[in-house]
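Input: a single structure, listed below in structure tokens.
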Amino acid sequence: MKDDDAWFAPKRFGYGAGLPIAWQGWVLIGAYGVAISLAGRFLAPTHPRGFGVVVVVLTAVVVALAAAHTRGGWRWRWGGRE
């Protein structure tokens, strides 16, 4: 993936992504929040296990997309400038 396509900045310390740096990243985070809220509102009271499955699946999708669209990829960082 080219850096031009990055949706998230890498974390300065540790492993993973930081805040979104493109509108696509903000839309992904917002859609995730809305989907979890709707699932919690309508699914959790009647089907708690189904709600748990939905949360796990949605989280896996968001993590996979964030990893694929983070500038420089996901790796351990010690705080140095790159």
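Naming scheme: A, B, ... for chains in displayed order of the structure tokens; residues 1 onward per chain; ligands 1 onward as shown.
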
Strand (DSSP E) positions in chain A, given as a PyMOL selection string: chain A and resi 8-10+13-14+17-20+77-78

Interface rows for segment 16-39 of chain A against segment 51-74 of chain A: nearest pair, Å to one decimal, 10 Å, only C-alpha atoms, as a Markdown table:
| residue | atom | partner | partner_atom | distance |
| --- | --- | --- | --- | --- |
| A:Gly16 | CA | A:Trp74 | CA | 5.0 |
| A:Ala17 | CA | A:Thr70 | CA | 6.2 |
| A:Gly18 | CA | A:Thr70 | CA | 8.5 |
| A:Leu19 | CA | A:Thr70 | CA | 9.8 |
| A:Pro20 | CA | A:Thr70 | CA | 8.8 |
| A:Ile21 | CA | A:Thr70 | CA | 9.3 |
| A:Gln24 | CA | A:His69 | CA | 9.7 |
| A:Gly25 | CA | A:Ala66 | CA | 7.8 |
| A:Leu28 | CA | A:Val62 | CA | 7.3 |
| A:Ile29 | CA | A:Val62 | CA | 7.9 |
| A:Ala31 | CA | A:Val62 | CA | 9.7 |
| A:Tyr32 | CA | A:Leu58 | CA | 7.1 |
| A:Gly33 | CA | A:Leu58 | CA | 9.9 |
| A:Ala35 | CA | A:Leu58 | CA | 8.1 |
| A:Ile36 | CA | A:Val55 | CA | 6.6 |
| A:Ala39 | CA | A:Phe51 | CA | 6.3 |

Shell of 7 Å around Tyr15 of chain A, only C-alpha atoms, local chain residues under 4 positions omitted, as a ChimeraX atom specification: /A:11,74-77

All helix (DSSP H, G or I) residues (DSSP, backbone) inside chain A, as an MDAnalysis selection string: chainID A and resid 3:5 23:42 48:68

Between atom CA of Gly50 of chain A and atom CA of Gly30 of chain A - distance in Å to one decimal: 21.5 Å
